[in-house]
$ cat input_8.pdb   # PDB, C-alpha atoms
ATOM      1  CA  MET G   1      15.254  25.679-118.065
ATOM      2  CA  SER G   2      13.709  22.386-119.251
ATOM      3  CA  LEU G   3      12.663  21.566-115.692
ATOM      4  CA  VAL G   4      10.924  24.919-115.349
ATOM      5  CA  ILE G   5       9.014  24.528-118.621
ATOM      6  CA  ARG G   6       7.469  21.256-117.461
ATOM      7  CA  LYS G   7       5.803  23.068-114.554
ATOM      8  CA  SER G   8       2.537  24.940-114.702
ATOM      9  CA  THR G   9       2.221  28.512-115.962
ATOM     10  CA  VAL G  10       2.070  29.870-112.405
ATOM     11  CA  ASP G  11       5.425  28.312-111.581
ATOM     12  CA  ILE G  12       6.898  29.676-114.806
ATOM     13  CA  LEU G  13       5.768  33.222-113.948
ATOM     14  CA  CYS G  14       7.228  32.928-110.423
ATOM     15  CA  ALA G  15      10.546  31.735-111.827
ATOM     16  CA  ALA G  16      10.609  34.589-114.364
ATOM     17  CA  LYS G  17       9.973  37.151-111.612
ATOM     18  CA  TRP G  18      12.797  35.700-109.534
ATOM     19  CA  PHE G  19      15.286  35.864-112.436
ATOM     20  CA  ALA G  20      14.235  39.435-113.265
ATOM     21  CA  ARG G  21      14.626  40.532-109.642
ATOM     22  CA  ARG G  22      18.048  38.921-109.445
ATOM     23  CA  ASP G  23      19.303  40.471-112.696
ATOM     24  CA  CYS G  24      17.928  43.932-111.937
ATOM     25  CA  ARG G  25      19.138  44.022-108.356
ATOM     26  CA  ALA G  26      22.450  45.626-109.333
ATOM     27  CA  LEU G  27      20.671  48.536-111.037
ATOM     28  CA  SER G  28      18.203  49.149-108.193
ATOM     29  CA  SER G  29      18.760  51.640-105.372
ATOM     30  CA  VAL G  30      15.954  50.354-103.121
ATOM     31  CA  PRO G  31      17.314  48.500-100.039
ATOM     32  CA  GLU G  32      16.177  44.960 -99.449
ATOM     33  CA  LYS G  33      14.409  43.810 -96.275
ATOM     34  CA  ALA G  34      17.615  42.510 -94.709
ATOM     35  CA  ASP G  35      19.293  45.899 -95.143
ATOM     36  CA  ILE G  36      16.280  47.648 -93.588
ATOM     37  CA  VAL G  37      16.368  45.332 -90.590
ATOM     38  CA  GLU G  38      20.084  46.044 -90.092
ATOM     39  CA  GLU G  39      19.462  49.786 -90.212
ATOM     40  CA  VAL G  40      16.666  49.443 -87.644
ATOM     41  CA  LYS G  41      18.953  47.432 -85.391
ATOM     42  CA  GLU G  42      21.585  50.126 -85.654
ATOM     43  CA  ARG G  43      19.083  52.786 -84.635
ATOM     44  CA  VAL G  44      17.902  50.933 -81.526
ATOM     45  CA  PRO G  45      20.951  51.847 -79.385
ATOM     46  CA  GLY G  46      20.352  55.510 -80.189
ATOM     47  CA  ARG G  47      16.889  55.463 -78.678
ATOM     48  CA  LYS G  48      16.253  56.767 -75.214
ATOM     49  CA  PRO G  49      16.271  53.961 -72.652
ATOM     50  CA  ARG G  50      13.071  53.130 -70.900
ATOM     51  CA  ALA G  51      12.464  54.872 -67.606
ATOM     52  CA  HIS G  52      13.759  52.624 -64.831
ATOM     53  CA  ASN G  53      11.630  52.500 -61.726
ATOM     54  CA  PRO G  54      13.970  52.589 -58.690
ATOM     55  CA  LEU G  55      11.175  51.349 -56.446
ATOM     56  CA  LEU G  56      11.396  47.900 -58.049
ATOM     57  CA  GLU G  57      14.843  47.447 -56.481
ATOM     58  CA  TYR G  58      13.139  47.141 -53.102
ATOM     59  CA  ARG G  59      12.005  43.630 -54.034
ATOM     60  CA  HIS G  60      15.511  42.419 -53.115
ATOM     61  CA  VAL G  61      15.630  44.260 -49.790
ATOM     62  CA  TYR G  62      12.019  43.629 -48.706
ATOM     63  CA  PRO G  63      10.933  40.465 -50.559
ATOM     64  CA  GLU G  64       8.242  39.658 -47.975
ATOM     65  CA  PHE G  65       6.134  42.641 -49.089
ATOM     66  CA  LEU G  66       5.454  40.934 -52.411
ATOM     67  CA  PRO G  67       2.485  38.524 -52.323
ATOM     68  CA  ASP G  68       2.548  34.862 -53.211
ATOM     69  CA  PRO G  69       2.620  34.509 -57.012
ATOM     70  CA  ASN G  70       0.227  31.560 -56.827
ATOM     71  CA  PRO G  71      -3.196  32.985 -57.860
ATOM     72  CA  LYS G  72      -4.962  30.528 -55.530
ATOM     73  CA  TRP G  73      -3.528  32.357 -52.515
ATOM     74  CA  ARG G  74      -4.056  35.925 -53.739
ATOM     75  CA  ASN G  75      -6.406  38.197 -51.794
ATOM     76  CA  SER G  76      -5.920  41.919 -52.259
ATOM     77  CA  LEU G  77      -7.706  42.912 -49.023
ATOM     78  CA  ARG G  78      -5.742  40.463 -46.870
ATOM     79  CA  GLU G  79      -2.465  41.484 -48.511
ATOM     80  CA  LYS G  80      -3.119  45.172 -47.834
ATOM     81  CA  MET G  81      -3.977  44.517 -44.185
ATOM     82  CA  GLU G  82      -0.841  42.390 -43.791
ATOM     83  CA  ARG G  83       1.331  45.153 -45.235
ATOM     84  CA  ALA G  84      -0.135  47.595 -42.705
ATOM     85  CA  ASP G  85       0.651  45.164 -39.856
ATOM     86  CA  MET G  86       4.171  44.642 -41.188
ATOM     87  CA  LEU G  87       4.817  48.377 -41.243
ATOM     88  CA  LYS G  88       3.570  48.695 -37.663
ATOM     89  CA  ARG G  89       5.879  45.887 -36.596
ATOM     90  CA  ARG G  90       8.820  47.506 -38.361
ATOM     91  CA  SER G  91       8.130  50.723 -36.478
ATOM     92  CA  GLN G  92       8.641  48.796 -33.215
ATOM     93  CA  ILE G  93      11.700  46.738 -34.170
ATOM     94  CA  ASP G  94      14.540  47.288 -36.632
ATOM     95  CA  ILE G  95      14.517  44.518 -39.266
ATOM     96  CA  PRO G  96      17.743  45.083 -41.220
ATOM     97  CA  GLU G  97      18.617  44.101 -44.750
ATOM     98  CA  PHE G  98      20.055  40.589 -45.057
ATOM     99  CA  TYR G  99      20.241  37.834 -47.639
ATOM    100  CA  VAL G 100      20.849  34.115 -47.864
ATOM    101  CA  GLY G 101      24.482  33.709 -46.828
ATOM    102  CA  SER G 102      24.519  36.587 -44.325
ATOM    103  CA  ILE G 103      25.490  35.915 -40.716
ATOM    104  CA  VAL G 104      22.690  37.063 -38.437
ATOM    105  CA  ALA G 105      22.164  37.198 -34.666
ATOM    106  CA  VAL G 106      18.582  36.958 -33.380
ATOM    107  CA  THR G 107      17.493  37.666 -29.806
ATOM    108  CA  ILE G 108      14.087  36.390 -28.708
ATOM    109  CA  SER G 109      12.245  36.414 -25.403
ATOM    110  CA  ASP G 110      12.350  33.014 -23.730
ATOM    111  CA  PRO G 111      10.655  32.598 -20.322
ATOM    112  CA  HIS G 112      12.662  29.426 -19.632
ATOM    113  CA  ALA G 113      16.105  30.926 -20.354
ATOM    114  CA  GLN G 114      18.383  32.707 -17.933
ATOM    115  CA  GLY G 115      17.720  36.413 -18.258
ATOM    116  CA  LYS G 116      14.451  35.646 -20.086
ATOM    117  CA  THR G 117      16.179  36.081 -23.455
ATOM    118  CA  ASN G 118      17.863  33.720 -25.898
ATOM    119  CA  ARG G 119      20.393  34.753 -28.552
ATOM    120  CA  PHE G 120      21.402  32.618 -31.515
ATOM    121  CA  VAL G 121      24.024  33.325 -34.175
ATOM    122  CA  GLY G 122      24.109  31.541 -37.502
ATOM    123  CA  ILE G 123      24.279  31.759 -41.256
ATOM    124  CA  CYS G 124      21.032  32.260 -43.139
ATOM    125  CA  ILE G 125      20.531  29.172 -45.326
ATOM    126  CA  ASP G 126      17.042  29.993 -46.581
ATOM    127  CA  ARG G 127      14.544  32.830 -46.668
ATOM    128  CA  LYS G 128      11.038  32.232 -47.922
ATOM    129  CA  GLY G 129       7.398  33.115 -47.460
ATOM    130  CA  SER G 130       5.472  36.308 -48.017
ATOM    131  CA  GLY G 131       3.544  38.676 -45.822
ATOM    132  CA  LEU G 132       3.286  37.835 -42.137
ATOM    133  CA  ARG G 133       4.302  34.251 -42.973
ATOM    134  CA  ALA G 134       7.815  35.254 -44.026
ATOM    135  CA  GLU G 135      10.498  33.170 -42.319
ATOM    136  CA  PHE G 136      14.208  32.426 -42.414
ATOM    137  CA  ILE G 137      16.472  29.637 -41.139
ATOM    138  CA  LEU G 138      19.796  30.087 -39.332
ATOM    139  CA  ARG G 139      22.405  27.345 -39.019
ATOM    140  CA  ASN G 140      25.441  27.027 -36.773
ATOM    141  CA  VAL G 141      27.643  24.221 -35.469
ATOM    142  CA  ILE G 142      27.823  24.229 -31.666
ATOM    143  CA  ASP G 143      29.870  21.594 -29.828
ATOM    144  CA  HIS G 144      30.333  19.599 -33.061
ATOM    145  CA  GLN G 145      26.576  19.423 -33.525
ATOM    146  CA  GLY G 146      24.673  21.194 -36.287
ATOM    147  CA  VAL G 147      21.853  23.387 -34.958
ATOM    148  CA  GLU G 148      19.195  25.046 -37.103
ATOM    149  CA  VAL G 149      16.557  27.491 -35.885
ATOM    150  CA  ARG G 150      13.627  28.693 -37.948
ATOM    151  CA  TYR G 151      12.365  32.186 -37.165
ATOM    152  CA  GLU G 152       9.293  33.996 -38.367
ATOM    153  CA  LEU G 153      10.383  37.437 -39.506
ATOM    154  CA  TYR G 154       7.459  39.237 -37.855
ATOM    155  CA  ASP G 155       7.267  37.091 -34.735
ATOM    156  CA  PRO G 156       6.338  39.376 -31.769
ATOM    157  CA  THR G 157       8.748  37.454 -29.493
ATOM    158  CA  ILE G 158      11.758  38.656 -31.495
ATOM    159  CA  GLN G 159      13.493  41.470 -29.639
ATOM    160  CA  SER G 160      16.308  42.282 -32.078
ATOM    161  CA  ILE G 161      17.808  41.154 -35.384
ATOM    162  CA  GLN G 162      21.444  42.106 -35.948
ATOM    163  CA  VAL G 163      23.428  41.478 -39.116
ATOM    164  CA  LEU G 164      26.991  40.539 -38.190
ATOM    165  CA  ARG G 165      28.215  40.057 -41.760
ATOM    166  CA  LEU G 166      26.214  41.230 -44.754
ATOM    167  CA  GLU G 167      26.962  39.199 -47.877
ATOM    168  CA  LYS G 168      25.466  36.976 -50.537
ATOM    169  CA  ARG G 169      26.374  33.505 -51.767
ATOM    170  CA  LEU G 170      26.420  31.868 -55.183
ATOM    171  CA  ASP G 171      23.183  29.910 -54.586
ATOM    172  CA  ASP G 172      19.696  30.946 -53.502
ATOM    173  CA  LYS G 173      19.507  28.198 -50.863
ATOM    174  CA  LEU G 174      22.294  26.762 -48.744
ATOM    175  CA  TYR G 175      20.762  23.501 -47.555
ATOM    176  CA  TYR G 176      23.851  21.680 -48.763
ATOM    177  CA  LEU G 177      25.700  23.059 -45.742
ATOM    178  CA  ARG G 178      24.046  20.209 -43.821
ATOM    179  CA  ASP G 179      26.295  17.771 -45.702
ATOM    180  CA  ALA G 180      29.319  20.087 -45.886
ATOM    181  CA  LEU G 181      32.317  20.129 -43.608
ATOM    182  CA  PRO G 182      31.503  21.791 -40.268
ATOM    183  CA  GLU G 183      34.032  24.621 -40.644
ATOM    184  CA  TYR G 184      31.867  26.218 -43.356
ATOM    185  CA  CYS G 185      29.012  26.932 -40.937
ATOM    186  CA  THR G 186      30.753  27.348 -37.584
ATOM    187  CA  PHE G 187      30.587  30.838 -36.092
ATOM    188  CA  PRO G 188      31.314  32.062 -32.568
ATOM    189  CA  LEU G 189      28.324  33.161 -30.549
ATOM    190  CA  ASP G 190      30.163  36.337 -29.496
ATOM    191  CA  MET G 191      31.098  37.322 -33.051
ATOM    192  CA  ASP G 192      31.647  41.047 -33.560
ATOM    193  CA  PRO G 193      29.674  42.766 -36.334
ATOM    194  CA  GLU G 194      31.459  43.775 -39.532
ATOM    195  CA  ILE G 195      30.284  47.239 -40.555
ATOM    196  CA  LEU G 196      30.237  48.111 -44.249
ATOM    197  CA  PRO G 197      30.650  51.739 -45.379
ATOM    198  CA  GLU G 198      27.394  53.371 -46.337
ATOM    199  CA  GLY G 199      26.595  53.144 -50.043
ATOM    200  CA  THR G 200      28.794  50.121 -50.796
ATOM    201  CA  PRO G 201      27.122  47.260 -52.711
ATOM    202  CA  VAL G 202      26.415  43.990 -50.964
ATOM    203  CA  PRO G 203      29.528  41.794 -51.394
ATOM    204  CA  LEU G 204      29.253  38.383 -53.039
ATOM    205  CA  ASN G 205      31.153  35.604 -51.294
ATOM    206  CA  PRO G 206      32.442  33.224 -54.019
ATOM    207  CA  VAL G 207      33.484  30.486 -51.592
ATOM    208  CA  GLN G 208      32.803  26.901 -52.684
ATOM    209  CA  VAL G 209      32.270  24.390 -49.905
ATOM    210  CA  LYS G 210      33.389  20.769 -49.798
ATOM    211  CA  LEU G 211      30.869  18.064 -49.052
ATOM    212  CA  LYS G 212      31.439  15.102 -46.788
ATOM    213  CA  PRO G 213      31.359  11.603 -48.328
ATOM    214  CA  ARG G 214      27.987  10.081 -49.087
ATOM    215  CA  PRO G 215      25.284   9.365 -47.974
ATOM    216  CA  TRP G 216      23.786  12.848 -48.370
ATOM    217  CA  LEU G 217      20.442  14.211 -47.274
ATOM    218  CA  GLU G 218      19.551  15.119 -50.875
ATOM    219  CA  ARG G 219      20.837  14.324 -54.351
ATOM    220  CA  TRP G 220      22.933  17.437 -54.692
ATOM    221  CA  GLU G 221      24.426  16.231 -57.988
ATOM    222  CA  ARG G 222      21.040  16.704 -59.676
ATOM    223  CA  GLN G 223      20.814  20.329 -58.611
ATOM    224  CA  GLU G 224      22.810  22.945 -60.478
ATOM    225  CA  LEU G 225      24.795  24.208 -57.490
ATOM    226  CA  LYS G 226      27.531  26.792 -57.905
ATOM    227  CA  GLY G 227      28.721  26.813 -54.306
ATOM    228  CA  VAL G 228      29.948  23.196 -54.134
ATOM    229  CA  SER G 229      33.344  22.174 -55.474
ATOM    230  CA  ASN G 230      33.767  18.407 -54.980
ATOM    231  CA  ILE G 231      30.502  16.781 -56.044
ATOM    232  CA  GLU G 232      32.134  14.865 -58.892
ATOM    233  CA  GLU G 233      34.593  13.224 -56.509
ATOM    234  CA  HIS G 234      31.823  11.309 -54.726
ATOM    235  CA  LEU G 235      29.847  10.203 -57.814
ATOM    236  CA  LYS G 236      29.881   6.873 -59.584
ATOM    237  CA  GLU G 237      29.263   6.305 -63.253
ATOM    238  CA  LYS G 238      25.658   5.235 -62.680
ATOM    239  CA  ASP G 239      25.013   8.473 -60.732
ATOM    240  CA  ARG G 240      26.271  10.537 -63.656
ATOM    241  CA  VAL G 241      24.061   8.605 -66.092
ATOM    242  CA  ARG G 242      20.970   9.090 -63.920
ATOM    243  CA  ARG G 243      21.765  12.793 -63.591
ATOM    244  CA  GLU G 244      21.867  13.179 -67.364
ATOM    245  CA  LEU G 245      18.569  11.312 -67.757
ATOM    246  CA  ARG G 246      16.787  13.569 -65.265
ATOM    247  CA  LYS G 247      18.021  16.873 -66.632
ATOM    248  CA  THR G 248      15.369  19.336 -67.785
ATOM    249  CA  PRO G 249      17.215  21.940 -69.889
ATOM    250  CA  TRP G 250      13.993  23.095 -71.537
ATOM    251  CA  GLU G 251      12.647  24.614 -68.332
ATOM    252  CA  LYS G 252      14.745  27.752 -68.730
ATOM    253  CA  TYR G 253      12.814  28.449 -71.953
ATOM    254  CA  ASP G 254       9.410  27.855 -70.332
ATOM    255  CA  LEU G 255       8.000  31.383 -70.230
ATOM    256  CA  MET G 256       4.766  30.339 -68.530
ATOM    257  CA  LYS G 257       6.669  28.724 -65.662
ATOM    258  CA  GLN G 258       8.674  31.913 -65.180
ATOM    259  CA  TYR G 259       5.477  33.961 -65.338
ATOM    260  CA  ARG G 260       3.813  31.855 -62.628
ATOM    261  CA  LYS G 261       6.763  32.412 -60.295
ATOM    262  CA  THR G 262       6.830  36.208 -60.605
ATOM    263  CA  ILE G 263       4.626  39.166 -59.786
ATOM    264  CA  PRO G 264       3.837  41.573 -62.662
ATOM    265  CA  ALA G 265       5.798  44.817 -62.598
ATOM    266  CA  GLU G 266       2.566  46.845 -62.447
ATOM    267  CA  ASP G 267       1.516  45.109 -59.218
ATOM    268  CA  GLN G 268       4.990  45.563 -57.759
ATOM    269  CA  SER G 269       4.981  49.277 -58.527
ATOM    270  CA  GLU G 270       1.582  49.657 -56.855
ATOM    271  CA  ILE G 271       2.820  47.877 -53.717
ATOM    272  CA  TRP G 272       6.055  49.874 -53.442
ATOM    273  CA  ASN G 273       4.228  53.158 -53.977
ATOM    274  CA  GLU G 274       2.046  52.223 -51.022
ATOM    275  CA  VAL G 275       4.856  51.379 -48.550
ATOM    276  CA  TYR G 276       7.810  53.395 -49.870
ATOM    277  CA  ASN G 277       7.248  56.597 -47.871
ATOM    278  CA  GLN G 278       6.911  54.849 -44.519
ATOM    279  CA  LEU G 279       9.902  52.577 -45.114
ATOM    280  CA  GLN G 280      12.017  55.557 -46.123
ATOM    281  CA  GLN G 281      10.992  57.537 -43.035
ATOM    282  CA  MET G 282      11.889  54.592 -40.793
ATOM    283  CA  ARG G 283      15.285  54.238 -42.456
ATOM    284  CA  VAL G 284      16.115  57.940 -42.104
ATOM    285  CA  SER G 285      15.018  58.083 -38.456
ATOM    286  CA  ARG G 286      17.097  55.011 -37.572
ATOM    287  CA  LYS G 287      20.140  56.516 -39.258
ATOM    288  CA  LYS G 288      19.753  59.646 -37.139
ATOM    289  CA  MET G 289      19.420  57.579 -33.979
ATOM    290  CA  SER G 290      22.518  55.533 -34.812
ATOM    291  CA  ARG G 291      24.538  58.709 -35.419
ATOM    292  CA  LYS G 292      23.434  60.129 -32.074
ATOM    293  CA  ARG G 293      24.480  56.940 -30.323
ATOM    294  CA  THR G 294      27.810  56.869 -32.151
ATOM    295  CA  PHE G 295      28.756  60.482 -31.455
ATOM    296  CA  ALA G 296      27.316  60.746 -27.957
ATOM    297  CA  SER G 297      29.439  63.051 -25.832
ATOM    298  CA  PRO G 298      30.923  61.348 -22.738
ATOM    299  CA  LYS G 299      29.621  62.345 -19.354
ATOM    300  CA  THR G 300      31.935  64.188 -17.022
ATOM    301  CA  GLN G 301      33.139  62.157 -14.086
ATOM    302  CA  LEU G 302      33.384  63.695 -10.664
ATOM    303  CA  ALA G 303      36.731  63.472  -8.875
TER     304      ALA G 303
END

$ encode --input "input_8.pdb" --output "C-alpha cells"
Amino acid sequence: MSLVIRKSTVDILCAAKWFARRDCRALSSVPEKADIVEEVKERVPGRKPRAHNPLLEYRHVYPEFLPDPNPKWRNSLREKMERADMLKRRSQIDIPEFYVGSIVAVTISDPHAQGKTNRFVGICIDRKGSGLRAEFILRNVIDHQGVEVRYELYDPTIQSIQVLRLEKRLDDKLYYLRDALPEYCTFPLDMDPEILPEGTPVPLNPVQVKLKPRPWLERWERQELKGVSNIEEHLKEKDRVRRELRKTPWEKYDLMKQYRKTIPAEDQSEIWNEVYNQLQQMRVSRKKMSRKRTFASPKTQLA
C-alpha cells in the first residue's frame, strides 16, 4: 500500500473503489458486463433468422444482368435499356446456365464455312463482362494445338448454346490450362451431352491439373490456385522467396476493396425484381417445349 499512498488523492480513491468492488463481488447478485455479453450471445441463436431473398441467388445464374461495380461506368438509363435488349435476345435464343469449368458447344453463323454454320466445343476458362458486353472464352485442343475462341454472350450471330457437361471448378478462372497437359482440355467435337436430373445442385469437379515444365505464360506460383497440384515441383528457392515477398495477406481484410467489387444488395434486389418474371416465364415455356419434344408420339409409317 506504500506505493498507492505516494500517488495523488484521485489515484487513492480509484484504488479504494477497486478493492471495495473486488471484496464485495462475492456478496453481490448483479451480473458483470462479461456475464451479460455471454447471455446476449446465447440468445442470438434463438432469434428469428433474417428473411432470405431467393432472388439474390440469380446473380450466380445470370451474372451479366448485374452492372459493372465501378462507379465510373454506371448509368442507370443505359443499364435498364441493356436489360430490356438482353431479355429480347433471350426470348429468341436459349442461353442456358453454365459456369467456368463447364463444357459448352456454341454454333454460330459463318458465311465462309460449309453449311454456313460453325460449331466449336470447349471448356469455359473465363466468363466476364456485364450487360451486352458479357463474354466467355472456350478452350479445346484440336490436332495437338490449343484453340481458344472468345464469344460475346449476346452476339446476334450465335445460333445456339448447348451445355454438354454442367459443372464448376475449384478456381474462378482457368487460364492455367494453357500451361497444363493437353489431356485436361481435350474434348471431342461430337461429344454427347450429359443430362443432370432436374433439381440437382451443380456438381463441383475437384480435379487438380498438372502443369508442364517452365517457362509458363504467367507466374502461377504467385496466384493462390486450388486446381493445380504440381507447382512446387517446378519452383526454385529464389522463386519461393520472391513469392513470399510479394504476398498480400492483408487484402482479404480490406473491406473497401471488397465493397468496390460488389453491387449493394438493394440494387441487386431492384434489378432481379425487374427481370424475374420474364426470366421465369421463359424458363417455364422452354421446359414445356422440351417435354413435348421428348415425349413426341411417333408417326405411323405406311406399309

$ residues_around --input "input_8.pdb" --residues "segment 234-249 of chain G" --least-positions-apart "3" --cutoff "8 Å" --atoms "all atoms listed in the file" --output "PyMOL selection string"
chain G and resi 213-214+221-222+230-231+252

$ resolve_selection --input "input_8.pdb" --expression "the PyMOL selection byres ((chain G and resi 139-145) around 7)" --output "compact mmCIF listing (two decimals) with C-alpha atoms, in the frame of the given file"
# COMPACT_ATOMS: atom_id res chain seq x y z
CA VAL G 121 24.02 33.33 -34.17
CA GLY G 122 24.11 31.54 -37.50
CA ILE G 123 24.28 31.76 -41.26
CA CYS G 124 21.03 32.26 -43.14
CA ILE G 125 20.53 29.17 -45.33
CA ILE G 137 16.47 29.64 -41.14
CA LEU G 138 19.80 30.09 -39.33
CA GLY G 146 24.67 21.19 -36.29
CA VAL G 147 21.85 23.39 -34.96
CA GLU G 148 19.20 25.05 -37.10
CA VAL G 149 16.56 27.49 -35.88
CA PRO G 182 31.50 21.79 -40.27
CA CYS G 185 29.01 26.93 -40.94
CA THR G 186 30.75 27.35 -37.58
CA PHE G 187 30.59 30.84 -36.09

$ residues_around --input "input_8.pdb" --residues "Ser160 of chain G" --least-positions-apart "6" --cutoff "10 Å" --atoms "only C-alpha atoms" --output "PyMOL selection string"
chain G and resi 93-96+105-109+119

$ write_last_selection --input "input_8.pdb" --atoms "C-alpha atoms" --output "short mmCIF file (atom, residue, chain, number, x, y, z; two decimals), in the coordinates of the input"
data_model
loop_
_atom_site.label_atom_id
_atom_site.label_comp_id
_atom_site.auth_asym_id
_atom_site.auth_seq_id
_atom_site.Cartn_x
_atom_site.Cartn_y
_atom_site.Cartn_z
CA ILE G 93 11.70 46.74 -34.17
CA ASP G 94 14.54 47.29 -36.63
CA ILE G 95 14.52 44.52 -39.27
CA PRO G 96 17.74 45.08 -41.22
CA ALA G 105 22.16 37.20 -34.67
CA VAL G 106 18.58 36.96 -33.38
CA THR G 107 17.49 37.67 -29.81
CA ILE G 108 14.09 36.39 -28.71
CA SER G 109 12.24 36.41 -25.40
CA ARG G 119 20.39 34.75 -28.55
#

$ residues_around --input "input_8.pdb" --residues "Thr262 of chain G" --least-positions-apart "4" --cutoff "12 Å" --atoms "all atoms listed in the file" --output "short mmCIF file (atom, residue, chain, number, x, y, z; two decimals) with C-alpha atoms, keeping the file's coordinate frame"
data_model
loop_
_atom_site.label_atom_id
_atom_site.label_comp_id
_atom_site.auth_asym_id
_atom_site.auth_seq_id
_atom_site.Cartn_x
_atom_site.Cartn_y
_atom_site.Cartn_z
CA ARG G 59 12.00 43.63 -54.03
CA PRO G 63 10.93 40.47 -50.56
CA LEU G 66 5.45 40.93 -52.41
CA PRO G 67 2.48 38.52 -52.32
CA ASP G 68 2.55 34.86 -53.21
CA PRO G 69 2.62 34.51 -57.01
CA ASN G 70 0.23 31.56 -56.83
CA PRO G 71 -3.20 32.98 -57.86
CA LEU G 255 8.00 31.38 -70.23
CA MET G 256 4.77 30.34 -68.53
CA LYS G 257 6.67 28.72 -65.66
CA GLN G 258 8.67 31.91 -65.18
CA GLU G 266 2.57 46.84 -62.45
CA ASP G 267 1.52 45.11 -59.22
CA GLN G 268 4.99 45.56 -57.76
#

$ closest_atom_pairs --input "input_8.pdb" --of "segment 74-134 of chain G" --to "segment 192-206 of chain G" --cutoff "10 Å" --atoms "all atoms listed in the file" --output "CSV"
residue,atom,partner,partner_atom,distance
G:Glu97,CA,G:Val202,CA,10.0
G:Phe98,CA,G:Val202,CA,9.3
G:Tyr99,CA,G:Val202,CA,9.3
G:Gly101,CA,G:Asn205,CA,8.2
G:Ser102,CA,G:Asn205,CA,9.7
G:Ile103,CA,G:Pro193,CA,9.1
G:Val104,CA,G:Pro193,CA,9.3
G:Ala105,CA,G:Pro193,CA,9.5

$ closest_residue --input "input_8.pdb" --among "G:Leu170, G:Ala180, G:Leu225, G:Leu164" --to "Val207 of chain G" --atoms "all atoms listed in the file"
G:Leu170

$ resolve_selection --input "input_8.pdb" --expression "the PyMOL selection byres ((chain G and resi 79) around 10)" --output "number ranges by chain"
G: 65-68, 74-78, 80-85, 130-132, 271

$ decode --input "input_8.pdb" --residues "segment 281-286 of chain G" --atoms "all heavy atoms" --output "short mmCIF file (atom, residue, chain, number, x, y, z; two decimals), in the first residue's frame"
data_model
loop_
_atom_site.label_atom_id
_atom_site.label_comp_id
_atom_site.auth_asym_id
_atom_site.auth_seq_id
_atom_site.Cartn_x
_atom_site.Cartn_y
_atom_site.Cartn_z
N GLN G 281 -40.87 -16.89 -66.88
CA GLN G 281 -41.77 -17.31 -67.96
C GLN G 281 -41.01 -17.99 -69.09
O GLN G 281 -41.47 -19.01 -69.63
CB GLN G 281 -42.53 -16.09 -68.49
CG GLN G 281 -43.56 -15.53 -67.52
CD GLN G 281 -44.22 -14.27 -68.04
OE1 GLN G 281 -43.96 -13.86 -69.18
NE2 GLN G 281 -45.06 -13.65 -67.23
N MET G 282 -39.84 -17.47 -69.43
CA MET G 282 -39.03 -18.11 -70.47
C MET G 282 -38.60 -19.51 -70.05
O MET G 282 -38.63 -20.46 -70.84
CB MET G 282 -37.80 -17.26 -70.78
CG MET G 282 -38.09 -15.92 -71.42
SD MET G 282 -36.57 -14.98 -71.68
CE MET G 282 -37.25 -13.37 -72.09
N ARG G 283 -38.21 -19.65 -68.79
CA ARG G 283 -37.76 -20.97 -68.32
C ARG G 283 -38.90 -21.98 -68.33
O ARG G 283 -38.72 -23.12 -68.76
CB ARG G 283 -37.20 -20.82 -66.90
CG ARG G 283 -36.74 -22.12 -66.29
CD ARG G 283 -36.16 -21.93 -64.90
NE ARG G 283 -34.92 -21.18 -64.94
CZ ARG G 283 -34.16 -20.97 -63.87
NH1 ARG G 283 -34.55 -21.46 -62.68
NH2 ARG G 283 -33.04 -20.31 -63.96
N VAL G 284 -40.08 -21.57 -67.89
CA VAL G 284 -41.22 -22.50 -67.87
C VAL G 284 -41.63 -22.89 -69.29
O VAL G 284 -41.91 -24.07 -69.58
CB VAL G 284 -42.39 -21.86 -67.11
CG1 VAL G 284 -43.65 -22.70 -67.25
CG2 VAL G 284 -42.04 -21.68 -65.63
N SER G 285 -41.68 -21.92 -70.20
CA SER G 285 -42.07 -22.23 -71.58
C SER G 285 -41.07 -23.16 -72.25
O SER G 285 -41.46 -24.07 -73.00
CB SER G 285 -42.22 -20.93 -72.37
OG SER G 285 -40.99 -20.25 -72.44
N ARG G 286 -39.78 -23.00 -71.98
CA ARG G 286 -38.78 -23.87 -72.59
C ARG G 286 -38.86 -25.28 -72.01
O ARG G 286 -38.60 -26.27 -72.70
CB ARG G 286 -37.39 -23.27 -72.40
CG ARG G 286 -37.17 -22.04 -73.27
CD ARG G 286 -35.71 -21.73 -73.46
NE ARG G 286 -35.56 -20.66 -74.42
CZ ARG G 286 -35.46 -19.36 -74.10
NH1 ARG G 286 -35.51 -19.00 -72.83
NH2 ARG G 286 -35.32 -18.44 -75.04
#
